[in-house]
Each structure stands twice: as structure tokens, then as C-alpha cells.
>>> print(open('upload.cif').read())   # mmCIF, N, CA and C atoms
data_protein
loop_
_atom_site.group_PDB
_atom_site.id
_atom_site.type_symbol
_atom_site.label_atom_id
_atom_site.label_comp_id
_atom_site.auth_asym_id
_atom_site.auth_seq_id
_atom_site.Cartn_x
_atom_site.Cartn_y
_atom_site.Cartn_z
ATOM 1 N N MET B 1 -14.588 16.649 -4.217
ATOM 2 C CA MET B 1 -13.307 15.975 -4.272
ATOM 3 C C MET B 1 -13.521 14.640 -4.985
ATOM 4 N N THR B 2 -12.753 14.394 -6.000
ATOM 5 C CA THR B 2 -12.883 13.144 -6.740
ATOM 6 C C THR B 2 -11.808 12.167 -6.313
ATOM 7 N N ALA B 3 -12.061 10.911 -6.601
ATOM 8 C CA ALA B 3 -11.097 9.862 -6.253
ATOM 9 C C ALA B 3 -9.828 10.051 -7.073
ATOM 10 N N PRO B 4 -8.682 9.820 -6.437
ATOM 11 C CA PRO B 4 -7.440 9.928 -7.210
ATOM 12 C C PRO B 4 -7.407 8.854 -8.289
ATOM 13 N N SER B 5 -7.084 9.263 -9.482
ATOM 14 C CA SER B 5 -7.062 8.338 -10.607
ATOM 15 C C SER B 5 -5.766 7.536 -10.595
ATOM 16 N N VAL B 6 -5.910 6.251 -10.322
ATOM 17 C CA VAL B 6 -4.748 5.375 -10.291
ATOM 18 C C VAL B 6 -4.930 4.349 -11.400
ATOM 19 N N SER B 7 -4.152 4.490 -12.428
ATOM 20 C CA SER B 7 -4.252 3.532 -13.524
ATOM 21 C C SER B 7 -2.885 2.893 -13.733
ATOM 22 N N THR B 8 -2.802 1.640 -13.349
ATOM 23 C CA THR B 8 -1.564 0.892 -13.522
ATOM 24 C C THR B 8 -1.638 0.178 -14.854
ATOM 25 N N THR B 9 -0.691 0.460 -15.700
ATOM 26 C CA THR B 9 -0.686 -0.187 -17.011
ATOM 27 C C THR B 9 -0.218 -1.632 -16.857
ATOM 28 N N PRO B 10 -0.632 -2.490 -17.775
ATOM 29 C CA PRO B 10 -0.166 -3.887 -17.723
ATOM 30 C C PRO B 10 1.361 -4.002 -17.807
ATOM 31 N N ALA B 11 1.991 -3.101 -18.543
ATOM 32 C CA ALA B 11 3.450 -3.146 -18.658
ATOM 33 C C ALA B 11 4.117 -2.825 -17.323
ATOM 34 N N PHE B 12 3.578 -1.823 -16.603
ATOM 35 C CA PHE B 12 4.133 -1.470 -15.301
ATOM 36 C C PHE B 12 3.941 -2.614 -14.311
ATOM 37 N N TYR B 13 2.757 -3.230 -14.330
ATOM 38 C CA TYR B 13 2.482 -4.369 -13.454
ATOM 39 C C TYR B 13 3.450 -5.522 -13.755
ATOM 40 N N ALA B 14 3.626 -5.834 -15.027
ATOM 41 C CA ALA B 14 4.544 -6.913 -15.420
ATOM 42 C C ALA B 14 5.970 -6.591 -14.998
ATOM 43 N N GLN B 15 6.373 -5.338 -15.163
ATOM 44 C CA GLN B 15 7.726 -4.942 -14.762
ATOM 45 C C GLN B 15 7.913 -5.103 -13.259
ATOM 46 N N ALA B 16 6.914 -4.735 -12.482
ATOM 47 C CA ALA B 16 7.011 -4.866 -11.027
ATOM 48 C C ALA B 16 7.095 -6.329 -10.615
ATOM 49 N N VAL B 17 6.284 -7.180 -11.226
ATOM 50 C CA VAL B 17 6.297 -8.612 -10.892
ATOM 51 C C VAL B 17 7.623 -9.249 -11.285
ATOM 52 N N VAL B 18 8.090 -8.947 -12.473
ATOM 53 C CA VAL B 18 9.365 -9.515 -12.932
ATOM 54 C C VAL B 18 10.519 -9.012 -12.069
ATOM 55 N N SER B 19 10.511 -7.736 -11.738
ATOM 56 C CA SER B 19 11.560 -7.162 -10.903
ATOM 57 C C SER B 19 11.581 -7.821 -9.529
ATOM 58 N N PHE B 20 10.399 -7.984 -8.929
ATOM 59 C CA PHE B 20 10.328 -8.631 -7.626
ATOM 60 C C PHE B 20 10.825 -10.072 -7.707
ATOM 61 N N GLY B 21 10.364 -10.807 -8.694
ATOM 62 C CA GLY B 21 10.790 -12.204 -8.853
ATOM 63 C C GLY B 21 12.286 -12.329 -9.089
ATOM 64 N N LEU B 22 12.822 -11.455 -9.912
ATOM 65 C CA LEU B 22 14.255 -11.480 -10.205
ATOM 66 C C LEU B 22 15.088 -11.138 -8.972
ATOM 67 N N SER B 23 14.668 -10.134 -8.225
ATOM 68 C CA SER B 23 15.441 -9.755 -7.039
ATOM 69 C C SER B 23 15.375 -10.843 -5.975
ATOM 70 N N LEU B 24 14.194 -11.417 -5.757
ATOM 71 C CA LEU B 24 14.057 -12.482 -4.769
ATOM 72 C C LEU B 24 14.868 -13.713 -5.173
ATOM 73 N N THR B 25 14.831 -14.067 -6.449
ATOM 74 C CA THR B 25 15.597 -15.212 -6.948
ATOM 75 C C THR B 25 17.095 -14.977 -6.827
ATOM 76 N N SER B 26 17.549 -13.781 -7.158
ATOM 77 C CA SER B 26 18.989 -13.519 -7.097
ATOM 78 C C SER B 26 19.498 -13.532 -5.655
ATOM 79 N N VAL B 27 18.710 -12.995 -4.723
ATOM 80 C CA VAL B 27 19.135 -13.039 -3.321
ATOM 81 C C VAL B 27 19.131 -14.481 -2.818
ATOM 82 N N ALA B 28 18.110 -15.245 -3.172
ATOM 83 C CA ALA B 28 18.055 -16.661 -2.763
ATOM 84 C C ALA B 28 19.231 -17.435 -3.359
ATOM 85 N N PHE B 29 19.550 -17.167 -4.605
ATOM 86 C CA PHE B 29 20.693 -17.814 -5.265
ATOM 87 C C PHE B 29 21.994 -17.460 -4.535
ATOM 88 N N GLY B 30 22.164 -16.182 -4.194
ATOM 89 C CA GLY B 30 23.367 -15.751 -3.486
ATOM 90 C C GLY B 30 23.484 -16.379 -2.117
ATOM 91 N N VAL B 31 22.363 -16.476 -1.395
ATOM 92 C CA VAL B 31 22.388 -17.096 -0.064
ATOM 93 C C VAL B 31 22.702 -18.586 -0.182
ATOM 94 N N PHE B 32 22.121 -19.242 -1.181
ATOM 95 C CA PHE B 32 22.324 -20.683 -1.343
ATOM 96 C C PHE B 32 23.781 -21.023 -1.660
ATOM 97 N N PHE B 33 24.443 -20.205 -2.443
ATOM 98 C CA PHE B 33 25.809 -20.506 -2.859
ATOM 99 C C PHE B 33 26.888 -19.788 -2.036
ATOM 100 N N LEU B 34 26.510 -19.234 -0.894
ATOM 101 C CA LEU B 34 27.516 -18.644 -0.018
ATOM 102 C C LEU B 34 28.425 -19.741 0.539
ATOM 103 N N PRO B 35 29.722 -19.469 0.641
ATOM 104 C CA PRO B 35 30.625 -20.486 1.188
ATOM 105 C C PRO B 35 30.609 -20.469 2.726
ATOM 106 N N VAL B 36 29.447 -20.773 3.305
ATOM 107 C CA VAL B 36 29.299 -20.789 4.759
ATOM 108 C C VAL B 36 28.545 -22.045 5.168
ATOM 109 N N ASP B 37 28.423 -22.222 6.482
ATOM 110 C CA ASP B 37 27.696 -23.356 7.049
ATOM 111 C C ASP B 37 26.220 -23.332 6.647
ATOM 112 N N GLY B 38 25.591 -24.475 6.780
ATOM 113 C CA GLY B 38 24.161 -24.575 6.484
ATOM 114 C C GLY B 38 23.317 -23.743 7.417
ATOM 115 N N TRP B 39 23.750 -23.623 8.671
ATOM 116 C CA TRP B 39 23.000 -22.832 9.643
ATOM 117 C C TRP B 39 22.986 -21.357 9.265
ATOM 118 N N VAL B 40 24.109 -20.874 8.771
ATOM 119 C CA VAL B 40 24.181 -19.476 8.352
ATOM 120 C C VAL B 40 23.284 -19.252 7.139
ATOM 121 N N ARG B 41 23.309 -20.197 6.187
ATOM 122 C CA ARG B 41 22.432 -20.102 5.026
ATOM 123 C C ARG B 41 20.963 -20.106 5.442
ATOM 124 N N ALA B 42 20.628 -20.995 6.365
ATOM 125 C CA ALA B 42 19.239 -21.079 6.833
ATOM 126 C C ALA B 42 18.819 -19.772 7.505
ATOM 127 N N PHE B 43 19.707 -19.217 8.324
ATOM 128 C CA PHE B 43 19.390 -17.952 8.986
ATOM 129 C C PHE B 43 19.170 -16.843 7.966
ATOM 130 N N LEU B 44 20.041 -16.740 6.980
ATOM 131 C CA LEU B 44 19.902 -15.704 5.957
ATOM 132 C C LEU B 44 18.649 -15.916 5.114
ATOM 133 N N GLY B 45 18.324 -17.170 4.840
ATOM 134 C CA GLY B 45 17.101 -17.461 4.084
ATOM 135 C C GLY B 45 15.855 -17.048 4.853
ATOM 136 N N ILE B 46 15.806 -17.388 6.145
ATOM 137 C CA ILE B 46 14.669 -16.996 6.975
ATOM 138 C C ILE B 46 14.604 -15.468 7.082
ATOM 139 N N ALA B 47 15.742 -14.820 7.247
ATOM 140 C CA ALA B 47 15.771 -13.361 7.336
ATOM 141 C C ALA B 47 15.267 -12.730 6.037
ATOM 142 N N MET B 48 15.628 -13.308 4.914
ATOM 143 C CA MET B 48 15.170 -12.804 3.622
ATOM 144 C C MET B 48 13.648 -12.952 3.510
ATOM 145 N N LEU B 49 13.103 -14.087 3.876
ATOM 146 C CA LEU B 49 11.657 -14.289 3.821
ATOM 147 C C LEU B 49 10.935 -13.353 4.780
ATOM 148 N N TYR B 50 11.499 -13.138 5.961
ATOM 149 C CA TYR B 50 10.900 -12.219 6.925
ATOM 150 C C TYR B 50 10.879 -10.794 6.380
ATOM 151 N N THR B 51 11.950 -10.405 5.716
ATOM 152 C CA THR B 51 12.013 -9.072 5.117
ATOM 153 C C THR B 51 10.957 -8.913 4.030
ATOM 154 N N VAL B 52 10.785 -9.925 3.216
ATOM 155 C CA VAL B 52 9.791 -9.861 2.137
ATOM 156 C C VAL B 52 8.382 -9.762 2.717
ATOM 157 N N THR B 53 8.051 -10.607 3.692
ATOM 158 C CA THR B 53 6.705 -10.554 4.266
ATOM 159 C C THR B 53 6.473 -9.234 5.008
ATOM 160 N N SER B 54 7.502 -8.713 5.653
ATOM 161 C CA SER B 54 7.367 -7.414 6.324
ATOM 162 C C SER B 54 7.132 -6.296 5.311
ATOM 163 N N ALA B 55 7.782 -6.371 4.172
ATOM 164 C CA ALA B 55 7.591 -5.358 3.135
ATOM 165 C C ALA B 55 6.154 -5.396 2.603
ATOM 166 N N PHE B 56 5.610 -6.600 2.392
ATOM 167 C CA PHE B 56 4.225 -6.717 1.944
ATOM 168 C C PHE B 56 3.263 -6.168 2.994
ATOM 169 N N THR B 57 3.522 -6.477 4.255
ATOM 170 C CA THR B 57 2.656 -5.996 5.327
ATOM 171 C C THR B 57 2.703 -4.476 5.418
ATOM 172 N N LEU B 58 3.884 -3.905 5.332
ATOM 173 C CA LEU B 58 4.027 -2.452 5.371
ATOM 174 C C LEU B 58 3.295 -1.798 4.207
ATOM 175 N N ALA B 59 3.427 -2.362 3.019
ATOM 176 C CA ALA B 59 2.736 -1.806 1.853
ATOM 177 C C ALA B 59 1.224 -1.858 2.046
ATOM 178 N N LYS B 60 0.720 -2.942 2.610
ATOM 179 C CA LYS B 60 -0.715 -3.072 2.852
ATOM 180 C C LYS B 60 -1.191 -2.058 3.890
ATOM 181 N N VAL B 61 -0.428 -1.874 4.963
ATOM 182 C CA VAL B 61 -0.811 -0.921 6.002
ATOM 183 C C VAL B 61 -0.838 0.504 5.443
ATOM 184 N N ILE B 62 0.152 0.859 4.647
ATOM 185 C CA ILE B 62 0.198 2.196 4.050
ATOM 186 C C ILE B 62 -0.997 2.395 3.117
ATOM 187 N N ARG B 63 -1.289 1.387 2.304
ATOM 188 C CA ARG B 63 -2.438 1.483 1.400
ATOM 189 C C ARG B 63 -3.750 1.627 2.177
ATOM 190 N N ASP B 64 -3.910 0.837 3.240
ATOM 191 C CA ASP B 64 -5.129 0.912 4.049
ATOM 192 C C ASP B 64 -5.288 2.274 4.711
ATOM 193 N N ARG B 65 -4.196 2.853 5.189
ATOM 194 C CA ARG B 65 -4.265 4.184 5.801
ATOM 195 C C ARG B 65 -4.660 5.241 4.782
ATOM 196 N N GLN B 66 -4.131 5.135 3.584
ATOM 197 C CA GLN B 66 -4.490 6.092 2.540
ATOM 198 C C GLN B 66 -5.963 5.964 2.174
ATOM 199 N N GLU B 67 -6.455 4.729 2.067
ATOM 200 C CA GLU B 67 -7.869 4.524 1.756
ATOM 201 C C GLU B 67 -8.757 5.050 2.876
ATOM 202 N N ASP B 68 -8.370 4.829 4.140
ATOM 203 C CA ASP B 68 -9.151 5.343 5.263
ATOM 204 C C ASP B 68 -9.202 6.861 5.245
ATOM 205 N N GLY B 69 -8.076 7.497 4.961
ATOM 206 C CA GLY B 69 -8.038 8.946 4.878
ATOM 207 C C GLY B 69 -8.909 9.463 3.748
ATOM 208 N N TYR B 70 -8.925 8.760 2.640
ATOM 209 C CA TYR B 70 -9.752 9.172 1.507
ATOM 210 C C TYR B 70 -11.235 9.046 1.852
ATOM 211 N N ILE B 71 -11.603 7.944 2.515
ATOM 212 C CA ILE B 71 -13.005 7.747 2.891
ATOM 213 C C ILE B 71 -13.437 8.802 3.898
ATOM 214 N N ALA B 72 -12.586 9.096 4.880
ATOM 215 C CA ALA B 72 -12.921 10.116 5.877
ATOM 216 C C ALA B 72 -13.084 11.477 5.212
ATOM 217 N N SER B 73 -12.235 11.807 4.267
ATOM 218 C CA SER B 73 -12.357 13.106 3.602
ATOM 219 C C SER B 73 -13.618 13.151 2.739
ATOM 220 N N ARG B 74 -14.025 12.024 2.185
ATOM 221 C CA ARG B 74 -15.270 11.996 1.407
ATOM 222 C C ARG B 74 -16.475 12.202 2.310
ATOM 223 N N VAL B 75 -16.458 11.592 3.501
ATOM 224 C CA VAL B 75 -17.570 11.771 4.445
ATOM 225 C C VAL B 75 -17.638 13.233 4.888
ATOM 226 N N ASP B 76 -16.490 13.809 5.226
ATOM 227 C CA ASP B 76 -16.465 15.219 5.622
ATOM 228 C C ASP B 76 -16.967 16.117 4.493
ATOM 229 N N ARG B 77 -16.574 15.820 3.292
ATOM 230 C CA ARG B 77 -17.008 16.611 2.144
ATOM 231 C C ARG B 77 -18.518 16.490 1.944
ATOM 232 N N ALA B 78 -19.054 15.273 2.114
ATOM 233 C CA ALA B 78 -20.501 15.080 1.971
ATOM 234 C C ALA B 78 -21.261 15.855 3.042
ATOM 235 N N ARG B 79 -20.757 15.873 4.272
ATOM 236 C CA ARG B 79 -21.398 16.644 5.340
ATOM 237 C C ARG B 79 -21.389 18.141 5.012
ATOM 238 N N LEU B 80 -20.256 18.615 4.555
ATOM 239 C CA LEU B 80 -20.155 20.031 4.202
ATOM 240 C C LEU B 80 -21.104 20.367 3.059
ATOM 241 N N ASP B 81 -21.186 19.511 2.057
ATOM 242 C CA ASP B 81 -22.104 19.744 0.938
ATOM 243 C C ASP B 81 -23.552 19.787 1.413
ATOM 244 N N LYS B 82 -23.917 18.906 2.342
ATOM 245 C CA LYS B 82 -25.279 18.899 2.875
ATOM 246 C C LYS B 82 -25.568 20.182 3.643
ATOM 247 N N ILE B 83 -24.627 20.625 4.470
ATOM 248 C CA ILE B 83 -24.812 21.865 5.226
ATOM 249 C C ILE B 83 -24.982 23.043 4.272
ATOM 250 N N LEU B 84 -24.153 23.105 3.241
ATOM 251 C CA LEU B 84 -24.241 24.209 2.283
ATOM 252 C C LEU B 84 -25.536 24.151 1.481
ATOM 253 N N THR B 85 -25.988 22.942 1.172
ATOM 254 C CA THR B 85 -27.230 22.793 0.424
ATOM 255 C C THR B 85 -28.429 23.203 1.270
ATOM 256 N N ASP B 86 -28.425 22.832 2.550
ATOM 257 C CA ASP B 86 -29.543 23.145 3.440
ATOM 258 C C ASP B 86 -29.571 24.606 3.874
ATOM 259 N N HIS B 87 -28.462 25.276 3.752
ATOM 260 C CA HIS B 87 -28.386 26.661 4.197
ATOM 261 C C HIS B 87 -29.053 27.592 3.178
ATOM 262 N N ASP B 88 -29.978 28.395 3.673
ATOM 263 C CA ASP B 88 -30.639 29.378 2.829
ATOM 264 C C ASP B 88 -30.332 30.759 3.408
ATOM 265 N N PRO B 89 -29.467 31.534 2.757
ATOM 266 C CA PRO B 89 -29.092 32.819 3.329
ATOM 267 C C PRO B 89 -30.240 33.835 3.346
ATOM 268 N N PHE B 90 -31.287 33.594 2.569
ATOM 269 C CA PHE B 90 -32.401 34.549 2.491
ATOM 270 C C PHE B 90 -33.598 34.134 3.353
ATOM 271 N N LYS B 91 -33.439 33.048 4.113
ATOM 272 C CA LYS B 91 -34.540 32.572 4.958
ATOM 273 C C LYS B 91 -34.685 33.490 6.154
ATOM 274 N N VAL B 92 -35.906 33.903 6.416
ATOM 275 C CA VAL B 92 -36.191 34.787 7.544
ATOM 276 C C VAL B 92 -36.681 33.920 8.704
ATOM 277 N N THR B 93 -35.982 34.006 9.839
ATOM 278 C CA THR B 93 -36.396 33.259 11.014
ATOM 279 C C THR B 93 -37.216 34.155 11.914
ATOM 280 N N GLY B 94 -38.203 33.568 12.573
ATOM 281 C CA GLY B 94 -38.894 34.407 13.529
ATOM 282 C C GLY B 94 -40.319 34.269 13.457
#
>>> encode(input="upload.cif", output="C-alpha cells")
Amino acid sequence: MTAPSVSTTPAFYAQAVVSFGLSLTSVAFGVFFLPVDGWVRAFLGIAMLYTVTSAFTLAKVIRDRQEDGYIASRVDRARLDKILTDHDPFKVTG
């Protein structure tokens, strides 16, 4: 089993960064210019930041679980390869 080939192009990376920055800026702009009290703006701003940090944490947890699963499958594969290598079907015991 080989490692999954993940190649992120610089253009895709730039698009993701720009998209994230643009969406975060537009939501912050919308919250700042809402015709409401300062307390409501502050609450929405904190909620927006909490959502962003939660999204990063979730992405990290998902990535870590995938990496753990890949490492476990590599260890299992190595054990199986060793068993198959050590096995001699023509060996006579006795």
C-alpha cells in the first residue's frame, strides 16, 4: 500500500487563502456595519471568531485521524508482509 499522493498546486493554495481571507473580511465588514447596538456587534464578532477557530480545529482533528489510520494500515501491512516472507510452504516440520 503506497501513501496517497496529495499534491496541492500553488494556485489551489492561493485560491484557498484568498477565499478564506475574503469570506472572513466580508463577514467582519457586515457585522461591523450592522445597524445594531455595539453589544450585538461584539457578540456576532466573537461568534464569528469562535466559528473560524472551531473550523480549524475540526480540520486538524480530521487530518490527524486520517494520518493515524494510514499509519496503522502501514503497520498492519508490514506485519502481513513479514508473515508472508517468513512463511515457507515447502518447509518440513518434524
>>> atom_distance(input="upload.cif", atom1="atom C of Asp64 (chain B)", atom2="atom C of Arg79 (chain B)")
22.6 Å
>>> select_by_dssp(input="upload.cif", residues="chain B", states="alpha helix (DSSP H)", output="ChimeraX atom specification")
/B:10-32,38-86
>>> residues_around(input="upload.cif", residues="region 52-58 of chain B", least_positions_apart="2", cutoff="12 Å", atoms="only C-alpha atoms", output="count of residues only")
18
>>> atom_distance(input="upload.cif", atom1="CA of Leu22 (chain B)", atom2="atom C of Thr51 (chain B)")
14.8 Å
